[in-house]
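Notes for the one structure printed next.
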Amino acid sequence: MYRTFHKLLLALALMLPCAASHGQGRVLAGTLHSPKGVGATVLLHARNGREMDIFTLRTDFYGLLDGRTRDVGGCFTYSHDYLLWDQDREDYRLRLHAGAGGMLGYVHDFEKGFFSATDRRLLRNPGAMASVTGNVGLCIDFDNRLSLDVSFTVAPGVHLRTDHKTGALLVSFYNNGVIQSYVPQVNLMYRF
């Protein structure tokens, strides 16, 4: 798991030069923390200040934290969000944003049996996933250049995997994209 996290940090470091060339807009970079997984985030504000592009590379912990598998998945998410509400306070600034985008990854999908007393292991192979995303979040910008963003994402899509018994290619609806939409994501970022 630590190797995966180090790879994510390296990917973030490689994204920063691209972010710096973004122009006059503000650039935020940091880490993502969620029961879904951990990762790295780069947020780029548009010049008009009313739009933002959010790039996230994270691990996928489905089945790992509850002991159902040892496999760690990974996914990349992009979201183009619009500023819905903005308010300046004395020591911080609040911003409500929402938008849409997409997600690609290699992950496990939802399986019944979480509350089973006998067989809790995941039976299906992990596979490729592609989905559209809807994102809504609240960002708090502090005066010391730190930002905290709490968001929720829904990601309906498709999951492509092989059957472990027959080797047949199976396509199904990506259930975790909807089931885990209530799980929050917390980004701790620094403003450059």
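Just remember, in the structure tokens the first chain shown is A, the second B, etc., residues are 1-based per chain, and ligands are 1-based in the order shown.
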Any idea what's packed within 9 Å of segment 151-160 of chain A, counting only C-alpha atoms, ignoring anything in its chain fewer than 5 positions away? Could you give it as a PyMOL selection string? chain A and resi 97+102-103+106-109+126-139+169-187
According to DSSP computed on the backbone, where in segment 100-160 of chain A is there strand (DSSP E or B)? Give the residues as a PyMOL selection string. chain A and resi 100-107+127-142+146-154+157-160
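For the pair atom CA of Gly99 of chain A and atom CA of Tyr78 of chain A, the interatomic distance is 10.1 Å.
Going from atom CA of Leu96 of chain A over to atom CA of Leu84 of chain A, you cover 5.5 Å.
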Go through segment 81-166 of chain A residue by residue and, counting only C-alpha atoms, keep those with an atom at most 6 Å from segment 45-63 of chain A; for each kept residue give the shortest atom pair and its distance in Å to one decimal, ordered by chain and increasing number, as JSON lines.
{"residue": "A:Asp81", "atom": "CA", "partner": "A:Met52", "partner_atom": "CA", "distance": 5.3}
{"residue": "A:Tyr82", "atom": "CA", "partner": "A:Glu51", "partner_atom": "CA", "distance": 4.5}
{"residue": "A:Leu83", "atom": "CA", "partner": "A:Arg50", "partner_atom": "CA", "distance": 5.1}
Would you export the selected residues with C-alpha atoms as a PDB file, in the first residue's frame, please?
ATOM      1  CA  ASP A  81     -16.930  22.547 -11.345  1.00  0.00           C
ATOM      2  CA  TYR A  82     -18.738  25.877 -11.245  1.00  0.00           C
ATOM      3  CA  LEU A  83     -18.836  28.212  -8.278  1.00  0.00           C
TER       4      LEU A  83
END
Of the candidates A:Thr77, A:Thr69, A:Thr41, A:Thr162, which one gets nearest to Asn125 of chain A if we count only C-alpha atoms? A:Thr162
Identify all residues of segment 93-188 of chain A in helix (DSSP H, G or I) (DSSP on the backbone) and supply them as a PyMOL selection string. chain A and resi 176-182
Neighbour list for Arg120 of chain A as a PyMOL selection string, cut-off 12 Å, only C-alpha atoms, skip fewer than 6 positions in-chain: chain A and resi 63-64+66-69+111-114
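Between atom CA of Gly37 of chain A and atom CA of Asp71 of chain A there is a distance of 12.4 Å.
Proximity to Arg89 of chain A was assessed for A:Asp143, A:Leu123, A:Gly39, A:Leu28 counting only C-alpha atoms; the smallest distance is recorded for A:Asp143.
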